[in-house]
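Raw query.cif, mmCIF, C-alpha atoms:
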```
data_start
loop_
_atom_site.label_atom_id
_atom_site.label_comp_id
_atom_site.auth_asym_id
_atom_site.auth_seq_id
_atom_site.Cartn_x
_atom_site.Cartn_y
_atom_site.Cartn_z
CA MET A 1 -85.82 -47.04 27.57
CA THR A 2 -89.23 -47.45 29.21
CA ILE A 3 -89.78 -49.04 32.62
CA LEU A 4 -92.98 -51.08 32.49
CA ASP A 5 -94.31 -50.11 35.91
CA GLY A 6 -96.75 -52.83 36.90
CA LYS A 7 -97.44 -51.38 40.32
CA ASN A 8 -98.57 -48.03 38.96
CA LEU A 9 -100.58 -49.62 36.15
CA ALA A 10 -102.33 -52.04 38.51
CA ASN A 11 -103.31 -49.15 40.78
CA GLN A 12 -104.71 -47.18 37.83
CA LEU A 13 -106.72 -50.14 36.58
CA VAL A 14 -108.10 -51.03 40.00
CA ILE A 15 -109.46 -47.48 40.33
CA LYS A 16 -111.56 -48.12 37.22
CA ILE A 17 -112.84 -51.36 38.72
CA ARG A 18 -113.65 -49.54 41.98
CA THR A 19 -115.85 -47.13 40.02
CA GLU A 20 -117.75 -50.07 38.53
CA VAL A 21 -118.09 -51.78 41.92
CA ASP A 22 -119.36 -48.56 43.55
CA GLN A 23 -122.06 -48.37 40.88
CA ILE A 24 -123.00 -52.00 41.56
CA THR A 25 -123.29 -51.58 45.32
CA SER A 26 -125.12 -48.26 45.05
CA GLY A 27 -127.79 -50.17 43.15
CA GLY A 28 -128.34 -52.44 46.13
CA LYS A 29 -126.29 -55.45 45.03
CA ARG A 30 -123.52 -56.98 47.08
CA ALA A 31 -119.86 -56.40 46.20
CA PRO A 32 -117.77 -59.09 44.49
CA HIS A 33 -116.20 -61.53 46.95
CA LEU A 34 -112.72 -63.07 46.61
CA ALA A 35 -111.35 -65.56 49.12
CA ALA A 36 -107.92 -67.07 49.66
CA ILE A 37 -106.81 -70.24 51.42
CA LEU A 38 -103.32 -70.17 52.93
CA VAL A 39 -101.86 -73.43 54.23
CA GLY A 40 -98.71 -73.11 56.33
CA ASN A 41 -96.58 -70.07 57.09
CA ASN A 42 -94.44 -69.57 53.99
CA PRO A 43 -93.30 -65.91 54.22
CA ALA A 44 -93.48 -65.31 50.46
CA SER A 45 -96.95 -66.87 50.24
CA ARG A 46 -98.15 -64.77 53.17
CA ALA A 47 -96.84 -61.61 51.49
CA TYR A 48 -98.53 -62.51 48.18
CA VAL A 49 -101.85 -63.18 49.87
CA GLY A 50 -101.56 -59.95 51.84
CA ASN A 51 -101.08 -57.99 48.63
CA LYS A 52 -104.12 -59.67 47.09
CA MET A 53 -106.29 -58.77 50.07
CA LYS A 54 -105.09 -55.14 50.01
CA LEU A 55 -105.93 -54.76 46.34
CA CYS A 56 -109.36 -56.28 47.00
CA GLU A 57 -110.02 -53.51 49.49
CA LYS A 58 -108.96 -50.85 46.97
CA ALA A 59 -111.31 -52.38 44.40
CA GLY A 60 -114.22 -52.31 46.83
CA PHE A 61 -114.38 -56.11 46.96
CA ARG A 62 -115.17 -58.20 49.97
CA SER A 63 -112.22 -60.45 50.80
CA SER A 64 -111.82 -63.46 53.05
CA LEU A 65 -108.68 -65.26 54.18
CA ILE A 66 -108.78 -68.78 55.60
CA GLU A 67 -105.54 -69.89 57.22
CA LYS A 68 -104.64 -73.51 57.94
CA ASP A 69 -101.67 -74.97 59.76
CA SER A 70 -98.99 -76.69 57.67
CA THR A 71 -100.13 -80.02 59.16
CA CYS A 72 -103.64 -79.58 57.74
CA PRO A 73 -104.75 -82.93 56.27
CA GLU A 74 -105.43 -83.02 52.54
CA SER A 75 -108.97 -84.22 53.23
CA GLU A 76 -109.68 -81.17 55.41
CA LEU A 77 -108.50 -78.84 52.66
CA LEU A 78 -110.63 -80.65 50.07
CA ASP A 79 -113.68 -80.36 52.38
CA LEU A 80 -113.09 -76.59 52.63
CA ILE A 81 -112.85 -76.34 48.84
CA HIS A 82 -116.10 -78.27 48.52
CA ASP A 83 -117.79 -75.75 50.85
CA PHE A 84 -116.37 -72.82 48.86
CA ASN A 85 -117.65 -74.32 45.62
CA LYS A 86 -121.21 -74.34 47.03
CA ASP A 87 -121.09 -70.89 48.69
CA PRO A 88 -123.43 -68.60 46.68
CA ASP A 89 -121.89 -65.46 48.19
CA LEU A 90 -118.37 -66.33 47.02
CA ASP A 91 -117.47 -65.45 43.44
CA GLY A 92 -113.91 -66.70 43.24
CA TYR A 93 -111.12 -68.05 45.38
CA ILE A 94 -107.53 -69.15 45.26
CA VAL A 95 -105.52 -71.79 47.08
CA GLN A 96 -102.10 -70.23 47.55
CA LEU A 97 -99.25 -72.34 46.21
CA PRO A 98 -96.96 -74.00 47.09
CA LEU A 99 -98.74 -76.40 49.42
CA PRO A 100 -97.08 -78.64 52.01
CA LYS A 101 -95.53 -81.78 50.50
CA HIS A 102 -98.16 -84.14 51.93
CA ILE A 103 -100.89 -82.43 49.88
CA ASP A 104 -101.35 -83.25 46.20
CA GLU A 105 -101.45 -79.84 44.50
CA GLN A 106 -103.02 -81.13 41.29
CA LYS A 107 -105.78 -82.89 43.21
CA VAL A 108 -106.51 -79.63 45.02
CA LEU A 109 -106.55 -77.57 41.81
CA ASN A 110 -108.82 -80.12 40.13
CA ALA A 111 -111.28 -79.86 43.04
CA ILE A 112 -111.81 -76.11 42.60
CA SER A 113 -114.97 -75.28 40.67
CA PRO A 114 -113.95 -73.99 37.21
CA ASP A 115 -116.53 -71.21 37.66
CA LYS A 116 -114.66 -69.93 40.75
CA ASP A 117 -111.13 -70.72 39.59
CA VAL A 118 -109.89 -67.13 39.35
CA ASP A 119 -106.27 -68.31 39.35
CA GLY A 120 -107.05 -70.03 36.05
CA PHE A 121 -105.30 -73.30 36.87
CA HIS A 122 -108.17 -75.76 36.51
CA PRO A 123 -107.75 -78.10 33.50
CA GLU A 124 -111.11 -76.94 32.14
CA ASN A 125 -109.96 -73.31 32.07
CA ILE A 126 -106.58 -74.28 30.60
CA GLY A 127 -108.43 -76.19 27.87
CA LYS A 128 -110.70 -73.23 27.14
CA MET A 129 -107.67 -70.96 26.87
CA THR A 130 -106.01 -73.36 24.43
CA LEU A 131 -109.13 -73.41 22.26
CA GLY A 132 -109.66 -69.66 22.51
CA LEU A 133 -112.96 -70.10 24.37
CA PRO A 134 -114.21 -67.77 27.13
CA GLY A 135 -112.88 -68.68 30.56
CA PHE A 136 -110.46 -67.61 33.26
CA ARG A 137 -106.89 -67.11 32.07
CA PRO A 138 -104.02 -67.94 34.45
CA ALA A 139 -103.34 -64.84 36.51
CA THR A 140 -99.69 -64.13 35.68
CA PRO A 141 -100.02 -64.66 31.90
CA LEU A 142 -103.20 -62.56 31.93
CA GLY A 143 -101.41 -59.83 33.86
CA ILE A 144 -98.64 -59.82 31.26
CA MET A 145 -101.15 -59.51 28.41
CA ILE A 146 -102.95 -56.64 30.16
CA MET A 147 -99.61 -54.89 30.67
CA LEU A 148 -98.59 -55.28 27.01
CA GLU A 149 -101.95 -53.92 25.90
CA ASN A 150 -101.96 -50.92 28.22
CA TYR A 151 -98.40 -49.95 27.32
CA GLY A 152 -99.19 -50.31 23.62
CA ILE A 153 -96.44 -52.87 23.00
CA GLU A 154 -96.65 -54.09 19.41
CA THR A 155 -96.94 -57.89 19.27
CA ALA A 156 -98.29 -58.82 15.83
CA GLY A 157 -95.63 -60.54 13.74
CA LYS A 158 -93.03 -60.13 16.48
CA HIS A 159 -90.79 -63.00 17.56
CA CYS A 160 -91.52 -63.74 21.21
CA VAL A 161 -89.17 -66.05 23.10
CA VAL A 162 -90.58 -67.45 26.35
CA VAL A 163 -87.88 -68.83 28.66
CA GLY A 164 -89.51 -71.36 30.96
CA ARG A 165 -92.23 -73.94 30.33
CA SER A 166 -94.18 -74.16 33.60
CA ASN A 167 -97.91 -74.79 33.58
CA ILE A 168 -98.39 -71.61 35.61
CA VAL A 169 -96.60 -69.09 33.37
CA GLY A 170 -94.41 -70.25 30.50
CA THR A 171 -96.72 -72.62 28.65
CA PRO A 172 -99.93 -70.58 28.97
CA VAL A 173 -98.29 -67.25 28.08
CA SER A 174 -96.80 -68.87 24.97
CA ILE A 175 -100.33 -69.85 23.92
CA LEU A 176 -101.77 -66.40 24.62
CA MET A 177 -98.99 -64.64 22.71
CA SER A 178 -99.57 -66.82 19.64
CA ARG A 179 -103.36 -66.49 19.69
CA LYS A 180 -105.13 -64.36 17.10
CA GLY A 181 -105.83 -60.80 18.21
CA TYR A 182 -104.12 -58.13 20.29
CA PRO A 183 -102.05 -58.61 22.26
CA GLY A 184 -101.03 -61.72 20.36
CA ASP A 185 -100.36 -62.73 16.76
CA ALA A 186 -96.70 -63.23 17.70
CA THR A 187 -94.43 -65.97 16.44
CA VAL A 188 -93.54 -67.80 19.63
CA THR A 189 -90.55 -69.91 20.65
CA LEU A 190 -90.97 -71.75 23.95
CA ALA A 191 -87.48 -72.31 25.33
CA HIS A 192 -86.21 -73.75 28.62
CA SER A 193 -83.08 -74.85 30.47
CA LYS A 194 -82.57 -77.82 28.11
CA THR A 195 -82.81 -75.73 24.93
CA LYS A 196 -79.63 -75.87 22.86
CA ASN A 197 -78.00 -72.57 21.89
CA LEU A 198 -80.40 -70.72 24.20
CA PRO A 199 -78.49 -67.40 24.20
CA GLU A 200 -78.57 -67.30 20.39
CA ILE A 201 -82.30 -68.00 20.35
CA VAL A 202 -83.05 -65.27 22.89
CA ARG A 203 -80.94 -62.83 20.86
CA GLN A 204 -83.44 -63.27 17.99
CA ALA A 205 -86.38 -62.16 20.15
CA ASP A 206 -88.33 -58.95 19.76
CA ILE A 207 -90.08 -59.81 23.04
CA VAL A 208 -88.47 -61.85 25.81
CA ILE A 209 -90.64 -63.30 28.59
CA ALA A 210 -88.38 -64.80 31.26
CA ALA A 211 -90.09 -67.21 33.64
CA ILE A 212 -87.50 -69.84 34.49
CA GLY A 213 -87.15 -69.19 38.23
CA ILE A 214 -83.37 -68.74 38.29
CA ALA A 215 -81.90 -65.43 39.44
CA GLU A 216 -80.44 -63.38 36.58
CA PHE A 217 -80.44 -66.42 34.28
CA VAL A 218 -80.98 -64.27 31.18
CA LYS A 219 -77.86 -62.18 30.62
CA GLY A 220 -77.78 -58.65 29.30
CA ASP A 221 -75.94 -59.58 26.11
CA TRP A 222 -78.73 -62.04 25.26
CA ILE A 223 -81.07 -59.08 24.67
CA LYS A 224 -80.96 -57.56 21.22
CA SER A 225 -81.23 -53.82 20.77
CA GLY A 226 -84.80 -52.59 21.05
CA ALA A 227 -86.27 -55.78 22.51
CA VAL A 228 -89.07 -55.74 25.08
CA VAL A 229 -88.23 -57.67 28.26
CA ILE A 230 -90.88 -59.09 30.60
CA ASP A 231 -89.24 -60.52 33.73
CA VAL A 232 -91.56 -62.82 35.68
CA GLY A 233 -88.93 -63.99 38.17
CA MET A 234 -88.87 -63.16 41.87
CA ASN A 235 -85.76 -64.58 43.52
CA ARG A 236 -84.14 -63.95 46.89
CA VAL A 237 -80.38 -63.54 46.60
CA GLU A 238 -78.24 -63.34 49.74
CA ASP A 239 -76.69 -59.90 50.10
CA SER A 240 -74.93 -58.88 53.31
CA ALA A 241 -74.76 -55.29 52.09
CA VAL A 242 -78.48 -54.74 52.77
CA PRO A 243 -80.02 -54.78 56.27
CA ARG A 244 -82.42 -57.66 55.61
CA GLY A 245 -79.59 -59.85 54.32
CA TYR A 246 -81.02 -60.47 50.87
CA ARG A 247 -82.20 -58.65 47.74
CA LEU A 248 -84.94 -59.46 45.29
CA THR A 249 -83.99 -60.04 41.70
CA GLY A 250 -85.68 -61.33 38.59
CA ASP A 251 -84.73 -63.96 36.05
CA VAL A 252 -83.03 -61.26 33.93
CA ASP A 253 -79.86 -59.30 34.69
CA PHE A 254 -81.78 -56.04 34.87
CA GLU A 255 -78.89 -53.58 34.79
CA ALA A 256 -77.16 -55.19 31.84
CA ALA A 257 -80.37 -55.87 29.91
CA SER A 258 -81.59 -52.30 30.38
CA SER A 259 -78.83 -50.97 28.13
CA ASN A 260 -80.25 -52.95 25.19
CA ALA A 261 -83.99 -53.18 25.87
CA SER A 262 -86.54 -50.64 24.64
CA SER A 263 -88.87 -51.57 27.52
CA ILE A 264 -88.34 -53.72 30.61
CA THR A 265 -90.21 -54.69 33.76
CA PRO A 266 -88.52 -54.09 37.12
CA VAL A 267 -88.35 -56.63 39.94
CA PRO A 268 -90.14 -56.03 42.20
CA GLY A 269 -92.92 -53.81 40.88
CA GLY A 270 -93.36 -55.23 37.41
CA VAL A 271 -95.25 -58.44 36.70
CA GLY A 272 -96.08 -59.19 40.35
CA PRO A 273 -98.65 -56.41 40.83
CA MET A 274 -100.19 -57.27 37.46
CA THR A 275 -100.69 -60.86 38.61
CA VAL A 276 -102.59 -59.60 41.64
CA PHE A 277 -104.65 -57.28 39.44
CA ALA A 278 -105.50 -60.19 37.13
CA LEU A 279 -107.10 -61.97 40.10
CA ILE A 280 -109.28 -58.91 40.69
CA HIS A 281 -110.13 -58.82 36.98
CA ASN A 282 -111.08 -62.51 36.96
CA THR A 283 -113.16 -62.17 40.13
CA LEU A 284 -115.17 -59.32 38.62
CA GLN A 285 -115.66 -61.48 35.52
CA ALA A 286 -116.95 -64.32 37.74
CA TYR A 287 -119.27 -61.92 39.58
CA ASN A 288 -120.68 -60.42 36.36
CA SER A 289 -121.37 -63.88 34.95
CA ARG A 290 -123.69 -64.58 37.90
CA PHE A 291 -125.67 -61.31 37.95
#
```

Conversion result in structure tokens:
Amino acid sequence: MTILDGKNLANQLVIKIRTEVDQITSGGKRAPHLAAILVGNNPASRAYVGNKMKLCEKAGFRSSLIEKDSTCPESELLDLIHDFNKDPDLDGYIVQLPLPKHIDEQKVLNAISPDKDVDGFHPENIGKMTLGLPGFRPATPLGIMIMLENYGIETAGKHCVVVGRSNIVGTPVSILMSRKGYPGDATVTLAHSKTKNLPEIVRQADIVIAAIGIAEFVKGDWIKSGAVVIDVGMNRVEDSAVPRGYRLTGDVDFEAASSNASSITPVPGGVGPMTVFALIHNTLQAYNSRF
């Protein structure tokens, strides 16, 4: 059984990008620039943004972090996005989700310039992905595809069951897995919490991508022998046995699934680092399209 180590892979890939960036800057050009907007003080969001900024540094990128209080008016955030869209020295940026309840997330995502939307959430980029046109792919699905490719996971003709239908992960990764080319060419079933006979459907899968947001929702006996398991979940489960009072777990029962799977991602250290790397990848793509 192979552990699909996203942390190690992301570090290897970012070294290659650093080499390219060093060549760019040695030629007198500026480094790529990625910015993040963080509204509020959500601990998980702060940790995610911190990881993104650290990887930027490793890649040789310039990074900027703009922090706003949780009471920040929606209009103020939209004004900041407008300024970012016009900034010629900024190649890409993200608005960290979730946002406070008084802010319309879709309105914010729609306001981001598609050319700087390195999270890949703008409707224009989602449309381009659906049509197979060049554009930014959503970061987590892109990270999954990069992982499958680099680990040489066979996808053509395989039955891939995606558990979860969110616009951020489940739906876009189902499209990418079914698209012509590698990694892709899979036969895809998009399942969710309302799917009837879900365990039986998952048991048919050669590749399982779990992105439903419920701790250990996918049980070990749902995984057929030799299946590849990609666990997108990141859930905090109370655990008095550990000093911090909780443990992190995915959407798959890792221990039980490991006895059946041929390859599986750990949580943490699997898909999460690949999501961060995908942002770096998209930012370099944005930079190269301008120079």

Contacts of region 24-98 of chain A with region 117-127 of chain A up to 8 Å, shortest pair per row, all atoms listed in the file, as a Markdown table:
```
| residue | atom | partner | partner_atom | distance |
| --- | --- | --- | --- | --- |
| A:Gly92 | CA | A:Val118 | CA | 5.6 |
| A:Tyr93 | CA | A:Val118 | CA | 6.2 |
| A:Ile94 | CA | A:Asp119 | CA | 6.1 |
```

Distance of CA of Gly213 (chain A) from CA of Thr283 (chain A), expressed in Å to one decimal place: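 Computing the Euclidean distance for CA of Thr283 (chain A) and CA of Gly213 (chain A) yields 27.0 Å.
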
Length of the CA of Lys7 (chain A) to CA of Pro273 (chain A) vector [Å]: 5.2 Å

Hey, could you make a per-residue contact list for region 22-79 of chain A against region 109-116 of chain A with 12 Å as the cut-off, showing the nearest pair of atoms and its distance in Å to one decimal, counting all atoms listed in the file, sorted by chain and number, as a tab-separated table?
```
residue	atom	partner	partner_atom	distance
A:Pro32	CA	A:Lys116	CA	11.9
A:His33	CA	A:Lys116	CA	10.6
A:Leu34	CA	A:Lys116	CA	9.2
A:Ala35	CA	A:Lys116	CA	10.0
A:Ala36	CA	A:Lys116	CA	11.5
A:Ile37	CA	A:Ile112	CA	11.7
A:Glu74	CA	A:Ala111	CA	11.6
A:Ser75	CA	A:Ala111	CA	11.3
A:Leu77	CA	A:Ala111	CA	10.1
A:Leu78	CA	A:Ala111	CA	7.1
A:Asp79	CA	A:Ala111	CA	9.7
```

Return as lines of an AutoDock Vina configuration file the box centre and box size in Å, one decimal, for an axis-aligned box around all listed atoms of region 47-57 of chain A padded by 5 Å per side.
```
center_x = -103.4
center_y = -58.3
center_z = 49.1
size_x = 23.2
size_y = 19.7
size_z = 15.5
```

For Ser63 (chain A), the nearest of the candidates A:Ile146, A:Ile17, A:Ile280, A:Pro98, counting only C-alpha atoms: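 Smallest separation from Ser63 (chain A) among the options: A:Ile280.
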
Give me the residues within 10 Å of region 262-264 of chain A as a PDB file with C-alpha atoms, in the frame of the given file, counting only C-alpha atoms and dropping any in the same chain fewer than 2 places off.
```
ATOM      1  CA  MET A   1     -85.820 -47.040  27.570  1.00  0.00           C
ATOM      2  CA  THR A   2     -89.230 -47.450  29.210  1.00  0.00           C
ATOM      3  CA  ILE A   3     -89.780 -49.040  32.620  1.00  0.00           C
ATOM      4  CA  LEU A   4     -92.980 -51.080  32.490  1.00  0.00           C
ATOM      5  CA  ASP A   5     -94.310 -50.110  35.910  1.00  0.00           C
ATOM      6  CA  TYR A 151     -98.400 -49.950  27.320  1.00  0.00           C
ATOM      7  CA  ILE A 153     -96.440 -52.870  23.000  1.00  0.00           C
ATOM      8  CA  ASP A 206     -88.330 -58.950  19.760  1.00  0.00           C
ATOM      9  CA  ILE A 207     -90.080 -59.810  23.040  1.00  0.00           C
ATOM     10  CA  VAL A 208     -88.470 -61.850  25.810  1.00  0.00           C
ATOM     11  CA  LYS A 224     -80.960 -57.560  21.220  1.00  0.00           C
ATOM     12  CA  SER A 225     -81.230 -53.820  20.770  1.00  0.00           C
ATOM     13  CA  GLY A 226     -84.800 -52.590  21.050  1.00  0.00           C
ATOM     14  CA  ALA A 227     -86.270 -55.780  22.510  1.00  0.00           C
ATOM     15  CA  VAL A 228     -89.070 -55.740  25.080  1.00  0.00           C
ATOM     16  CA  VAL A 229     -88.230 -57.670  28.260  1.00  0.00           C
ATOM     17  CA  ILE A 230     -90.880 -59.090  30.600  1.00  0.00           C
ATOM     18  CA  ASP A 231     -89.240 -60.520  33.730  1.00  0.00           C
ATOM     19  CA  VAL A 252     -83.030 -61.260  33.930  1.00  0.00           C
ATOM     20  CA  PHE A 254     -81.780 -56.040  34.870  1.00  0.00           C
ATOM     21  CA  ALA A 257     -80.370 -55.870  29.910  1.00  0.00           C
ATOM     22  CA  SER A 258     -81.590 -52.300  30.380  1.00  0.00           C
ATOM     23  CA  SER A 259     -78.830 -50.970  28.130  1.00  0.00           C
ATOM     24  CA  ASN A 260     -80.250 -52.950  25.190  1.00  0.00           C
ATOM     25  CA  PRO A 266     -88.520 -54.090  37.120  1.00  0.00           C
ATOM     26  CA  VAL A 267     -88.350 -56.630  39.940  1.00  0.00           C
ATOM     27  CA  GLY A 270     -93.360 -55.230  37.410  1.00  0.00           C
TER      28      GLY A 270
END
```

Point (-82.0, -69.6, 37.9), cut-off 10 Å, counting only C-alpha atoms, residues as a PyMOL selection string: chain A and resi 193+211-218+233+235+250-252

Selection result for the PyMOL selection byres ((chain A and resi 154) around 10) on this file, as a list in words: Leu148, Glu149, Tyr151, Gly152, Ile153, Thr155, Ala156, Gly157, Lys158, Tyr182, Pro183, Gly184, Asp185, Ala186, Asp206, Ile207 and Val228 of chain A

Convert the output of the PyMOL selection byres ((chain A and resi 247) around 6) on the shown file into explicit residues, formatted as a short mmCIF file (atom, residue, chain, number, x, y, z; two decimals) with C-alpha atoms, in the coordinates of the input.
```cif
data_model
loop_
_atom_site.label_atom_id
_atom_site.label_comp_id
_atom_site.auth_asym_id
_atom_site.auth_seq_id
_atom_site.Cartn_x
_atom_site.Cartn_y
_atom_site.Cartn_z
CA ARG A 236 -84.14 -63.95 46.89
CA VAL A 237 -80.38 -63.54 46.60
CA TYR A 246 -81.02 -60.47 50.87
CA LEU A 248 -84.94 -59.46 45.29
#
```

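Take the candidates A:Asn85, A:Gln204, A:Asn41, A:Gln96 and check each one against Asp69 (chain A) using all atoms listed in the file; the shortest distance goes to A:Asn41.
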
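Here CA of Gln106 (chain A) and CA of Val232 (chain A) stand 22.3 Å from one another.
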
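Here the PyMOL selection byres ((chain A and resi 202) around 10) captures the residues His159, Cys160, Val161, Val162, Val163, Thr189, Ala191, Asn197, Leu198, Pro199, Glu200, Ile201, Arg203, Gln204, Ala205, Asp206, Ile207, Val208, Ile209, Ala210, Val218, Lys219, Asp221, Trp222, Ile223 and Lys224 of chain A.
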